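Student: This is the content of work.txt (compact mmCIF, C-alpha atoms):
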```txt
# COMPACT_ATOMS: atom_id res chain seq x y z
CA MET T 294 15.48 13.68 -18.12
CA VAL T 295 13.77 12.26 -21.19
CA ARG T 296 11.09 14.13 -23.14
CA LEU T 297 8.36 12.27 -24.97
CA THR T 298 4.86 12.88 -26.27
CA ILE T 299 1.88 11.05 -24.80
CA ASN T 300 -1.48 11.63 -26.55
CA GLY T 301 -0.14 14.85 -28.02
CA LYS T 302 1.15 16.21 -24.71
CA LEU T 303 4.84 16.75 -24.14
CA VAL T 304 5.88 15.13 -20.86
CA GLN T 305 9.10 14.60 -18.94
CA ALA T 306 10.23 11.33 -17.44
CA ALA T 307 13.27 9.99 -15.64
CA GLU T 308 15.80 7.85 -17.52
CA GLY T 309 14.92 4.16 -17.32
CA GLU T 310 11.35 4.74 -16.18
CA MET T 311 8.71 2.51 -17.76
CA LEU T 312 6.03 3.97 -20.02
CA LEU T 313 3.15 2.76 -17.85
CA SER T 314 4.40 4.68 -14.80
CA VAL T 315 4.57 7.88 -16.85
CA ILE T 316 1.11 7.26 -18.35
CA ARG T 317 -0.38 6.68 -14.89
CA ARG T 318 1.33 9.79 -13.55
CA GLU T 319 -0.30 11.79 -16.35
CA LYS T 320 -3.64 10.47 -15.04
CA ILE T 321 -4.38 8.60 -18.25
CA ASP T 322 -6.46 5.55 -17.47
CA ILE T 323 -5.33 2.37 -19.21
CA PRO T 324 -6.09 -1.08 -17.83
CA ALA T 325 -3.41 -3.35 -16.39
CA LEU T 326 -4.06 -6.42 -14.28
CA CYS T 327 -0.60 -7.83 -13.67
CA HIS T 328 1.12 -4.56 -12.74
CA HIS T 329 2.25 -3.58 -9.23
CA GLU T 330 4.81 -0.94 -8.31
CA ALA T 331 6.43 -3.18 -5.71
CA VAL T 332 7.54 -5.84 -8.21
CA GLU T 333 9.41 -5.97 -11.49
CA PRO T 334 7.21 -5.53 -14.57
CA TYR T 335 6.20 -8.78 -16.21
CA GLY T 336 3.94 -8.07 -19.20
CA ALA T 337 1.60 -10.99 -18.63
CA CYS T 338 -1.85 -9.48 -19.12
CA ARG T 339 -0.97 -7.44 -22.26
CA LEU T 340 -3.74 -4.97 -21.43
CA CYS T 341 -1.40 -1.99 -21.08
CA MET T 342 -0.51 -2.13 -24.81
CA VAL T 343 0.08 1.27 -26.40
CA GLU T 344 0.97 2.48 -29.86
CA ILE T 345 4.41 4.00 -30.26
CA THR T 346 6.06 5.77 -33.14
CA ARG T 347 8.96 8.15 -33.77
CA PRO T 348 9.27 11.09 -36.17
CA GLU T 349 11.89 9.21 -38.24
CA TRP T 350 9.73 6.08 -38.58
CA ASP T 351 7.83 7.65 -41.51
CA GLY T 352 4.37 6.91 -40.16
CA TRP T 353 5.13 3.34 -39.13
CA ALA T 354 3.99 2.35 -35.65
CA ASN T 355 4.59 -0.43 -33.19
CA PHE T 356 2.55 -1.86 -30.33
CA VAL T 357 4.29 -2.50 -27.02
CA THR T 358 3.33 -3.40 -23.47
CA SER T 359 3.88 -0.07 -21.72
CA CYS T 360 4.77 -1.71 -18.38
CA LEU T 361 7.89 -3.23 -19.97
CA TYR T 362 8.92 -0.42 -22.32
CA PRO T 363 11.43 2.12 -21.00
CA VAL T 364 10.92 5.75 -22.00
CA GLU T 365 12.86 7.09 -24.98
CA GLU T 366 13.64 10.60 -26.17
CA ASN T 367 11.16 11.90 -28.82
CA LEU T 368 8.91 8.85 -28.53
CA ILE T 369 5.30 9.48 -29.59
CA VAL T 370 2.81 7.41 -27.60
CA SER T 371 -0.92 6.99 -28.16
CA THR T 372 -2.88 5.20 -25.45
CA HIS T 373 -6.35 5.39 -26.99
CA SER T 374 -5.88 5.40 -30.78
CA PRO T 375 -8.44 3.34 -32.74
CA LYS T 376 -5.81 0.67 -33.42
CA VAL T 377 -4.92 0.31 -29.72
CA ILE T 378 -8.58 0.15 -28.72
CA GLU T 379 -9.12 -2.56 -31.34
CA LEU T 380 -6.12 -4.48 -30.03
CA ARG T 381 -7.23 -4.16 -26.41
CA LYS T 382 -10.70 -5.31 -27.43
CA THR T 383 -9.19 -8.49 -28.86
CA ILE T 384 -7.25 -9.07 -25.64
CA VAL T 385 -10.31 -8.68 -23.40
CA ASP T 386 -12.24 -10.88 -25.85
CA LEU T 387 -9.63 -13.61 -25.31
CA PHE T 388 -9.74 -13.04 -21.56
CA LEU T 389 -13.51 -13.42 -21.62
CA ALA T 390 -13.19 -16.74 -23.46
CA CYS T 391 -10.95 -18.09 -20.70
CA HIS T 392 -12.71 -16.49 -17.71
CA PRO T 393 -16.37 -15.95 -18.64
CA ASN T 394 -17.57 -15.95 -15.01
CA THR T 395 -14.99 -13.60 -13.46
CA PRO T 396 -16.65 -10.31 -12.42
CA GLU T 397 -13.50 -8.20 -12.96
CA ILE T 398 -13.04 -9.59 -16.49
CA ILE T 399 -16.73 -9.16 -17.35
CA GLN T 400 -16.57 -5.51 -16.21
CA LEU T 401 -13.36 -4.87 -18.14
CA ALA T 402 -14.83 -6.45 -21.28
CA ALA T 403 -18.01 -4.40 -20.88
CA ASP T 404 -15.90 -1.22 -20.69
CA TYR T 405 -14.59 -2.10 -24.14
CA GLY T 406 -18.01 -3.04 -25.46
CA VAL T 407 -17.45 -6.81 -25.40
CA THR T 408 -20.40 -8.63 -23.85
CA HIS T 409 -19.94 -12.04 -25.46
CA THR T 410 -16.67 -13.59 -26.47
CA SER T 411 -16.21 -14.29 -30.16
CA TYR T 412 -14.03 -17.29 -29.33
CA GLU T 413 -14.98 -20.64 -27.89
CA GLU T 414 -15.25 -20.60 -24.12
CA VAL T 415 -12.97 -22.93 -22.21
CA PRO T 416 -14.79 -25.97 -20.74
CA GLU T 417 -13.90 -25.51 -17.06
CA PRO T 418 -13.13 -21.83 -16.48
CA ASP T 419 -11.68 -20.49 -13.24
CA ASP T 420 -10.79 -16.99 -12.03
CA CYS T 421 -6.99 -17.25 -12.19
CA ILE T 422 -5.61 -15.27 -15.14
CA LEU T 423 -2.07 -16.62 -14.52
CA CYS T 424 -0.62 -13.10 -14.32
CA GLY T 425 1.91 -14.24 -11.73
CA LEU T 426 1.44 -11.16 -9.54
CA CYS T 427 1.00 -13.31 -6.42
CA THR T 428 4.19 -15.30 -7.05
CA ARG T 429 6.19 -12.15 -7.86
CA ILE T 430 5.02 -10.38 -4.71
CA CYS T 431 5.76 -13.49 -2.64
CA GLU T 432 9.23 -13.64 -4.16
CA THR T 433 9.90 -9.91 -3.60
CA MET T 434 8.88 -10.27 0.03
CA GLY T 435 11.43 -13.05 0.31
CA PHE T 436 9.20 -16.04 1.02
CA LYS T 437 8.89 -17.73 -2.39
CA ALA T 438 6.15 -19.97 -1.05
CA ILE T 439 4.11 -20.31 -4.24
CA SER T 440 4.98 -20.56 -7.91
CA ALA T 441 3.57 -21.36 -11.32
CA VAL T 442 3.53 -25.10 -11.96
CA GLY T 443 2.90 -27.02 -15.18
CA ARG T 444 2.71 -25.47 -18.61
CA GLY T 445 0.20 -24.80 -21.36
CA HIS T 446 -3.36 -25.73 -20.40
CA GLY T 447 -2.19 -27.36 -17.19
CA LYS T 448 -0.41 -24.26 -15.85
CA GLU T 449 -1.58 -23.10 -12.45
CA ILE T 450 -0.38 -21.22 -9.38
CA ALA T 451 0.29 -23.64 -6.56
CA PRO T 452 2.55 -24.40 -3.63
CA PRO T 453 5.37 -26.89 -4.24
CA LEU T 454 4.16 -30.47 -4.86
CA GLY T 455 0.59 -29.34 -4.25
CA GLU T 456 1.05 -29.64 -0.50
CA ALA T 457 0.81 -27.01 2.25
CA PRO T 458 3.66 -24.58 1.40
CA PRO T 459 6.40 -24.81 4.04
CA ASP T 460 7.68 -21.25 3.37
CA CYS T 461 4.28 -19.53 3.50
CA VAL T 462 3.80 -17.32 6.57
CA GLY T 463 0.16 -16.39 5.93
CA CYS T 464 0.71 -12.65 5.29
CA LEU T 465 -2.12 -12.60 2.71
CA ALA T 466 -0.18 -10.33 0.33
CA CYS T 467 -0.97 -12.73 -2.55
CA ALA T 468 -4.70 -12.73 -1.83
CA GLN T 469 -4.83 -8.97 -1.18
CA ASN T 470 -3.27 -8.16 -4.55
CA CYS T 471 -4.87 -10.83 -6.76
CA PRO T 472 -6.54 -8.80 -9.54
CA THR T 473 -9.42 -11.26 -9.87
CA HIS T 474 -9.69 -12.25 -6.17
CA PHE T 475 -9.06 -15.87 -7.07
CA ILE T 476 -6.89 -16.63 -4.04
CA LYS T 477 -9.18 -17.53 -1.17
CA PHE T 478 -8.48 -17.44 2.55
CA SER T 479 -10.43 -17.62 5.77
CA ASP T 480 -9.91 -16.31 9.32
CA ARG T 481 -11.97 -18.44 11.70
CA ASN T 482 -11.64 -19.10 15.44
CA GLY T 483 -8.12 -17.68 15.54
CA VAL T 484 -6.97 -19.83 12.64
CA ARG T 485 -6.07 -18.43 9.24
CA ARG T 486 -6.31 -20.84 6.33
CA ILE T 487 -4.67 -20.11 2.98
CA TRP T 488 -3.11 -22.45 0.41
CA GLU T 489 -4.50 -25.40 2.43
CA LYS T 490 -2.29 -24.44 5.36
CA ASP T 491 -3.47 -23.42 8.82
CA PHE T 492 -1.83 -20.59 10.73
CA GLU T 493 -2.25 -19.55 14.34
CA LEU T 494 -3.30 -15.91 14.63
CA MET T 495 -1.63 -14.15 17.56
CA ALA T 496 -4.17 -12.76 20.01
CA CYS T 497 -3.48 -9.35 21.55
CA SER T 498 -2.45 -9.93 25.15
CA ARG T 499 -4.71 -7.05 26.28
CA CYS T 500 -7.90 -7.22 24.26
CA GLY T 501 -7.57 -10.56 22.47
CA ARG T 502 -7.99 -9.14 18.96
CA LYS T 503 -6.24 -11.27 16.38
CA THR T 504 -4.29 -9.52 13.66
CA ILE T 505 -1.10 -11.27 12.51
CA THR T 506 -0.01 -14.89 12.15
CA ARG T 507 2.66 -16.15 14.51
CA GLU T 508 4.77 -17.33 11.57
CA PHE T 509 4.75 -13.87 9.94
CA ALA T 510 5.57 -12.12 13.23
CA GLU T 511 8.40 -14.55 13.91
CA SER T 512 9.86 -14.15 10.43
CA LEU T 513 9.74 -10.34 10.74
CA SER T 514 11.22 -10.48 14.20
CA ALA T 515 14.09 -12.69 13.08
CA GLY T 516 14.72 -11.19 9.65
CA ARG T 517 14.16 -7.51 10.41
CA ASP T 518 15.38 -7.25 13.99
CA ILE T 519 12.04 -6.21 15.50
CA PRO T 520 11.40 -7.31 19.11
CA MET T 521 8.77 -10.06 19.29
CA GLU T 522 6.85 -8.22 22.06
CA TYR T 523 5.87 -5.50 19.56
CA PHE T 524 3.63 -8.06 17.90
CA GLU T 525 2.00 -9.26 21.10
CA ILE T 526 -0.24 -6.19 21.46
CA CYS T 527 -2.63 -4.95 18.76
CA ASP T 528 -2.44 -1.43 17.35
CA ASP T 529 -5.45 -0.18 19.40
CA CYS T 530 -3.88 -1.32 22.67
CA HIS T 531 -0.50 0.06 21.56
CA ARG T 532 -2.10 3.51 21.17
CA MET T 533 -3.72 3.18 24.61
CA GLU T 534 -0.34 2.22 26.06
CA THR T 535 1.33 5.22 24.36
CA SER T 536 -1.25 7.62 25.83
CA ARG T 537 -0.79 6.04 29.28
CA THR T 538 3.00 6.39 29.16
CA MET T 539 2.93 9.94 27.83
CA GLY T 540 0.17 10.80 30.33
CA ARG T 541 2.31 9.50 33.21
CA ILE T 542 5.19 11.71 32.09
CA ALA T 543 2.90 14.75 31.76
CA ASN T 544 1.37 14.05 35.19
CA TRP T 545 4.77 13.69 36.75
CA SER T 546 5.99 16.99 35.26
CA ARG T 547 2.88 18.70 36.65
CA GLU T 548 3.68 17.44 40.14
CA VAL T 549 7.30 18.54 39.85
CA GLN T 550 6.42 22.00 38.49
CA PRO T 551 2.98 22.83 39.83
CA MET A 230 14.94 18.80 8.51
CA THR A 231 14.49 22.27 9.95
CA TYR A 232 11.02 21.87 11.45
CA ARG A 233 9.82 19.63 14.21
CA PHE A 234 6.36 18.41 15.13
CA THR A 235 5.80 18.61 18.87
CA VAL A 236 3.05 17.14 21.03
CA ASN A 237 2.49 18.67 24.46
CA PRO A 238 -0.14 16.71 26.45
CA ASP A 239 0.16 19.24 29.29
CA VAL A 240 -1.92 21.83 27.45
CA CYS A 241 -4.17 19.49 25.46
CA ILE A 242 -7.84 20.00 26.41
CA GLY A 243 -9.14 16.96 24.53
CA CYS A 244 -11.35 18.93 22.15
CA ARG A 245 -10.54 16.48 19.36
CA THR A 246 -10.31 19.25 16.79
CA CYS A 247 -7.08 17.70 15.51
CA GLU A 248 -8.89 14.43 14.81
CA LEU A 249 -11.55 16.26 12.81
CA ALA A 250 -8.99 18.36 10.95
CA CYS A 251 -6.99 15.23 10.09
CA ALA A 252 -10.04 13.33 8.85
CA PHE A 253 -11.02 16.22 6.60
CA ALA A 254 -7.47 16.85 5.42
CA HIS A 255 -7.26 13.20 4.34
CA ALA A 256 -10.69 13.07 2.77
CA VAL A 257 -11.22 10.52 0.03
CA ALA A 258 -13.70 11.36 -2.74
CA GLY A 259 -15.34 14.08 -0.69
CA LYS A 260 -15.80 11.92 2.41
CA PRO A 261 -13.78 12.32 5.63
CA GLY A 262 -10.94 9.83 5.79
CA VAL A 263 -9.35 7.96 8.69
CA SER A 264 -7.79 10.26 11.27
CA ARG A 265 -4.09 9.66 11.82
CA ILE A 266 -4.22 11.30 15.24
CA TYR A 267 -6.01 9.92 18.29
CA PRO A 268 -6.56 12.07 21.38
CA LEU A 269 -6.78 9.52 24.21
CA ASP A 270 -7.01 10.06 27.97
CA GLY A 271 -4.76 7.16 28.95
CA GLY A 272 -6.96 6.48 31.98
CA PHE A 273 -6.14 9.82 33.60
CA LYS A 274 -8.52 12.54 34.69
CA GLU A 275 -8.29 15.94 33.01
CA LEU A 276 -5.40 14.82 30.87
CA TRP A 277 -5.37 14.11 27.19
CA VAL A 278 -2.63 12.78 24.99
CA PRO A 279 -2.86 13.22 21.23
CA VAL A 280 -1.35 9.93 20.03
CA VAL A 281 0.20 10.43 16.63
CA CYS A 282 3.14 9.02 14.68
CA LEU A 283 6.35 10.58 15.96
CA GLN A 284 8.38 9.59 12.87
CA CYS A 285 10.87 7.41 14.81
CA GLU A 286 14.53 7.66 13.95
CA GLU A 287 14.84 3.89 13.65
CA ALA A 288 11.24 3.03 12.85
CA ALA A 289 9.78 -0.46 13.27
CA CYS A 290 7.32 0.17 10.42
CA VAL A 291 10.14 0.88 7.96
CA LYS A 292 12.04 -2.17 9.18
CA SER A 293 8.97 -4.39 8.85
CA CYS A 294 8.15 -3.31 5.28
CA LEU A 295 9.35 -6.08 2.99
CA VAL A 296 8.74 -4.15 -0.24
CA ASP A 297 10.26 -0.75 0.79
CA ALA A 298 6.95 1.07 0.51
CA LEU A 299 7.74 3.15 3.62
CA LYS A 300 10.41 5.77 3.06
CA ARG A 301 11.51 8.86 4.93
CA ASN A 302 10.96 12.09 3.05
CA PRO A 303 14.27 13.93 3.50
CA GLU A 304 12.58 17.34 3.22
CA THR A 305 9.93 16.94 5.90
CA GLY A 306 11.50 14.11 7.91
CA ALA A 307 8.20 12.23 7.78
CA ILE A 308 8.01 8.54 6.99
CA GLU A 309 5.72 8.35 3.99
CA LEU A 310 3.84 5.37 2.66
CA ASN A 311 3.85 4.80 -1.08
CA GLN A 312 0.31 3.46 -1.64
CA GLU A 313 1.21 2.21 -5.11
CA LYS A 314 3.99 0.05 -3.70
CA CYS A 315 2.19 -1.19 -0.60
CA VAL A 316 1.13 -4.86 -0.83
CA ARG A 317 -1.15 -4.59 2.24
CA CYS A 318 0.49 -7.34 4.24
CA MET A 319 -0.24 -5.20 7.34
CA ALA A 320 3.19 -5.94 8.82
CA CYS A 321 3.75 -2.26 9.75
CA ILE A 322 0.44 -2.12 11.62
CA ALA A 323 1.45 -5.07 13.76
CA ALA A 324 5.04 -3.88 14.18
CA CYS A 325 4.55 -0.24 15.28
CA PRO A 326 5.03 -0.18 19.07
CA PHE A 327 2.97 3.05 19.29
CA GLY A 328 0.08 1.77 17.16
CA CYS A 329 0.34 4.67 14.73
CA SER A 330 0.28 2.71 11.50
CA LEU A 331 -3.44 2.41 10.84
CA LEU A 332 -5.79 0.35 8.73
CA ASP A 333 -8.39 2.18 6.67
CA ARG A 334 -11.01 -0.56 6.64
CA GLN A 335 -13.27 1.22 4.17
CA HIS A 336 -10.64 1.38 1.47
CA ASN A 337 -8.61 -1.61 2.66
CA GLN A 338 -5.36 0.28 2.81
CA VAL A 339 -2.73 1.24 5.33
CA VAL A 340 -2.54 4.89 6.37
CA LYS A 341 -0.12 6.78 8.58
CA CYS A 342 0.76 10.36 9.45
CA ASP A 343 2.90 11.99 6.76
CA LEU A 344 2.93 15.45 8.39
CA CYS A 345 0.65 16.52 5.51
CA GLY A 346 3.69 16.80 3.27
CA GLY A 347 5.34 19.43 5.48
CA ASP A 348 2.40 21.46 6.76
CA PRO A 349 0.45 19.48 9.39
CA VAL A 350 -3.17 20.62 9.34
CA CYS A 351 -3.80 19.46 12.94
CA ALA A 352 -1.20 21.94 14.24
CA HIS A 353 -3.04 24.80 12.50
CA PHE A 354 -6.31 23.88 14.18
CA CYS A 355 -5.04 23.11 17.70
CA PRO A 356 -6.54 25.89 19.87
CA THR A 357 -4.09 25.49 22.77
CA LYS A 358 -0.94 24.83 20.73
CA ALA A 359 -0.56 21.35 22.19
CA LEU A 360 0.37 20.39 18.66
CA GLN A 361 2.98 22.58 17.08
CA TYR A 362 5.11 22.49 14.01
CA LYS A 363 7.98 24.78 14.76
CA PRO A 364 11.40 25.51 13.34
CA ILE A 365 14.43 24.12 15.12
CA GLU A 366 17.06 26.78 15.67
CA ALA A 367 20.57 25.47 15.24
CA GLY A 368 22.05 24.46 18.60
CA LYS A 369 18.91 25.51 20.46
CA VAL A 370 16.95 22.29 20.64
CA LYS A 371 14.98 22.64 23.84
CA VAL A 372 12.76 19.96 25.31
CA SER A 373 9.63 21.58 26.69
CA ALA A 374 8.55 20.45 30.15
```
As structure tokens, how would this structure be written, given the file I've shared?

Tutor:
Amino acid sequence: MVRLTINGKLVQAAEGEMLLSVIRREKIDIPALCHHEAVEPYGACRLCMVEITRPEWDGWANFVTSCLYPVEENLIVSTHSPKVIELRKTIVDLFLACHPNTPEIIQLAADYGVTHTSYEEVPEPDDCILCGLCTRICETMGFKAISAVGRGHGKEIAPPLGEAPPDCVGCLACAQNCPTHFIKFSDRNGVRRIWEKDFELMACSRCGRKTITREFAESLSAGRDIPMEYFEICDDCHRMETSRTMGRIANWSREVQP
Amino acid sequence: MTYRFTVNPDVCIGCRTCELACAFAHAVAGKPGVSRIYPLDGGFKELWVPVVCLQCEEAACVKSCLVDALKRNPETGAIELNQEKCVRCMACIAACPFGCSLLDRQHNQVVKCDLCGGDPVCAHFCPTKALQYKPIEAGKVKVSA
């Protein structure tokens, strides 16, 4: 166990835990766009910056991204000191210059009192903040279908060679977790389209409801040893089937022991 | 695990109190949440089956989770979903052969029965004791008829 001080409160944390996890557990609200518990911390958005100091530092302080900073004994952390707020304001100001039309960024900037960027807006803004959360989640799930391509101004998230990604199974984890909802998809007429690739959605053999792509079901079935027939019925019909089977057993036991 | 959650459709009267209790126990921001328990009749007359997660020994939901968000709590024996870790790929919903991994459409998240952390509220409210949470005596595991 490690003991540290966050905003004047003494808290305990496990060895090796990152500062952001401890801060969130203490119910202190600090923004973070690129963070997700399922993946390794990355420190792309810089919004989770906090001020740290130690008693022996003689009043000197440092600013670190809390998602990447492991807890230390006797560390003194401030999440909302005037200097951190000023720093975070600069970061959202820069974000606003790059993504002036993104609702999530506009809201975040407004929370910090920034309504207009003090920098020059980029000529053709889009909603992707290049945080890499989608690629990290895809990699953690074992598909590695998308990645960051290019560098500098030309950097973007894309499938290999800009074509339909061969390893994508259409699970939508990237789109579901995109902090700015930049990744678009559509489910129409039993076809899911994401990253310019079409997927067949499996229809429930009872009611016809479509829930999962055949590619995703097949990859789970093969990789995780789950029978393919589990995926052929939707969850509603599965519950109906469970009640029917259990009902049959209950009925039978009533007949045997009236 | 010293307690076991039992479902006995034989004495269930289909009052759906468990569903109500579950929705209120899992309320979000003061509003009733999604019930994790479904009393269904299975097409039979005068017979109800409360369909709820039975915390499978070798669970398909745990196997299907590619980010290890579903873990068994060793104290209660329940398979619990770590909402922070869940990437909402909905694999567990499609994989569960009993249909007990559910989608909360309002909040766009996956929910499942976690035995209320070791004190299932539905069992407290069941008027006929069709749902029970009872201790297992060592060597005396009896399957009720």

Student: To one decimal place in Å, what is the distance between CA of Ala256 in chain A and CA of Asp333 in chain A?

Tutor: 11.8 Å

Student: Show me, as a list in words, the residues of chain T whose atoms get within 7 Å of chain A, using all atoms listed in the file for the distance check.

Tutor: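 Residues of chain T within 7 Å of chain A, counting all atoms listed in the file: His329, Glu330, Ala331, Thr433, Met434, Cys464, Leu465, Ala466, Gln469, Asn470, Ile505, Leu513, Arg517, Ile519, Tyr523, Phe524, Cys527, Asp528, Asp529, His531, Arg532, Met533, Thr535, Ser536, Arg537, Met539, Gly540, Ala543 and Ser546 of chain T.
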
Student: Check the smallest atom-to-atom distance from each of A:Phe253, A:Gly259, A:Gln335, A:Ala307 to Arg233 in chain A using all atoms listed in the file, then report the winner.

Tutor: A:Ala307

Student: Between CA of Phe436 in chain T and CA of Leu423 in chain T, measure the distance and give it in Å to one decimal.

Tutor: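 Distance between the two atoms: 19.2 Å.
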
Student: If we count all atoms listed in the file and set the cut-off at 12 Å, which residues sit around Lys448 in chain T, ignoring sequence neighbours fewer than 4 positions away in its own chain? Please answer as a list in words.

Tutor: Cys421, Ile422, Leu423, Cys424, Gly425, Ser440, Ala441, Val442, Gly443 and Arg444 of chain T

Student: Measuring between all atoms listed in the file, which one of T:Ile398, T:Ile316, T:Leu389, T:Met311 shows the shortest distance to Cys360 in chain T?

Tutor: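 Selected residue with least distance to Cys360 in chain T: T:Met311.
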
Student: Which distance in Å separates CA of Thr506 in chain T and CA of Arg486 in chain T, to one decimal?

Tutor: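 Interatomic distance here is 10.4 Å.
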
Student: Looking at A:Cys241, A:Ala254, A:Ala359, A:Leu249, which one is nearest to Leu344 in chain A, with distances taken over all atoms listed in the file?

Tutor: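 Nearest candidate to Leu344 in chain A out of A:Cys241, A:Ala254, A:Ala359, A:Leu249: A:Ala254.
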
Student: Would you please work out which residue, of T:Asp419, T:Glu349, T:Glu456, T:Asp404, is nearest to Lys382 in chain T when using only C-alpha atoms?

Tutor: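 The answer is T:Asp404, which sits nearest to Lys382 in chain T.
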
Student: Which residue gives the smallest distance to Arg334 in chain A among A:Glu304, A:Cys351, A:Val263, A:Lys358, with all atoms listed in the file counted?

Tutor: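 Between A:Glu304, A:Cys351, A:Val263, A:Lys358, the residue approaching Arg334 in chain A most closely is A:Val263.
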
Student: Can you fill out range 529-535 of chain T with all heavy atoms and hand it back as a compact mmCIF listing (two decimals), keeping the file's coordinate frame?

Tutor:
```
# COMPACT_ATOMS: atom_id res chain seq x y z
N ASP T 529 -4.57 -0.96 18.51
CA ASP T 529 -5.45 -0.18 19.40
C ASP T 529 -4.86 -0.11 20.81
O ASP T 529 -4.81 0.96 21.42
CB ASP T 529 -6.84 -0.81 19.45
CG ASP T 529 -7.59 -0.67 18.15
OD1 ASP T 529 -7.24 0.25 17.38
OD2 ASP T 529 -8.51 -1.46 17.89
N CYS T 530 -4.42 -1.27 21.31
CA CYS T 530 -3.88 -1.32 22.67
C CYS T 530 -2.52 -0.63 22.73
O CYS T 530 -2.14 -0.08 23.77
CB CYS T 530 -3.78 -2.76 23.16
SG CYS T 530 -5.41 -3.52 23.32
N HIS T 531 -1.77 -0.66 21.63
CA HIS T 531 -0.50 0.06 21.56
C HIS T 531 -0.73 1.56 21.71
O HIS T 531 0.01 2.25 22.41
CB HIS T 531 0.20 -0.21 20.22
CG HIS T 531 1.22 -1.31 20.28
ND1 HIS T 531 2.18 -1.36 21.27
CD2 HIS T 531 1.45 -2.37 19.48
CE1 HIS T 531 2.95 -2.42 21.07
NE2 HIS T 531 2.51 -3.06 20.00
N ARG T 532 -1.79 2.08 21.07
CA ARG T 532 -2.10 3.51 21.17
C ARG T 532 -2.50 3.86 22.60
O ARG T 532 -2.09 4.88 23.15
CB ARG T 532 -3.23 3.89 20.21
CG ARG T 532 -2.77 4.16 18.81
CD ARG T 532 -3.82 4.90 18.02
NE ARG T 532 -5.04 4.11 17.84
CZ ARG T 532 -5.18 3.14 16.95
NH1 ARG T 532 -4.20 2.83 16.15
NH2 ARG T 532 -6.31 2.48 16.85
N MET T 533 -3.29 2.97 23.22
CA MET T 533 -3.72 3.18 24.61
C MET T 533 -2.49 3.24 25.51
O MET T 533 -2.37 4.11 26.38
CB MET T 533 -4.60 2.00 25.02
CG MET T 533 -5.99 2.29 25.53
SD MET T 533 -6.61 3.92 25.37
CE MET T 533 -6.93 4.29 27.08
N GLU T 534 -1.57 2.31 25.26
CA GLU T 534 -0.34 2.22 26.06
C GLU T 534 0.50 3.49 25.89
O GLU T 534 1.05 4.03 26.84
CB GLU T 534 0.45 0.98 25.62
CG GLU T 534 1.61 0.60 26.50
CD GLU T 534 1.21 0.40 27.95
OE1 GLU T 534 0.09 -0.06 28.23
OE2 GLU T 534 2.05 0.73 28.80
N THR T 535 0.58 4.00 24.63
CA THR T 535 1.33 5.22 24.36
C THR T 535 0.73 6.39 25.13
O THR T 535 1.46 7.17 25.76
CB THR T 535 1.30 5.55 22.84
OG1 THR T 535 1.70 4.40 22.13
CG2 THR T 535 2.20 6.70 22.50
```
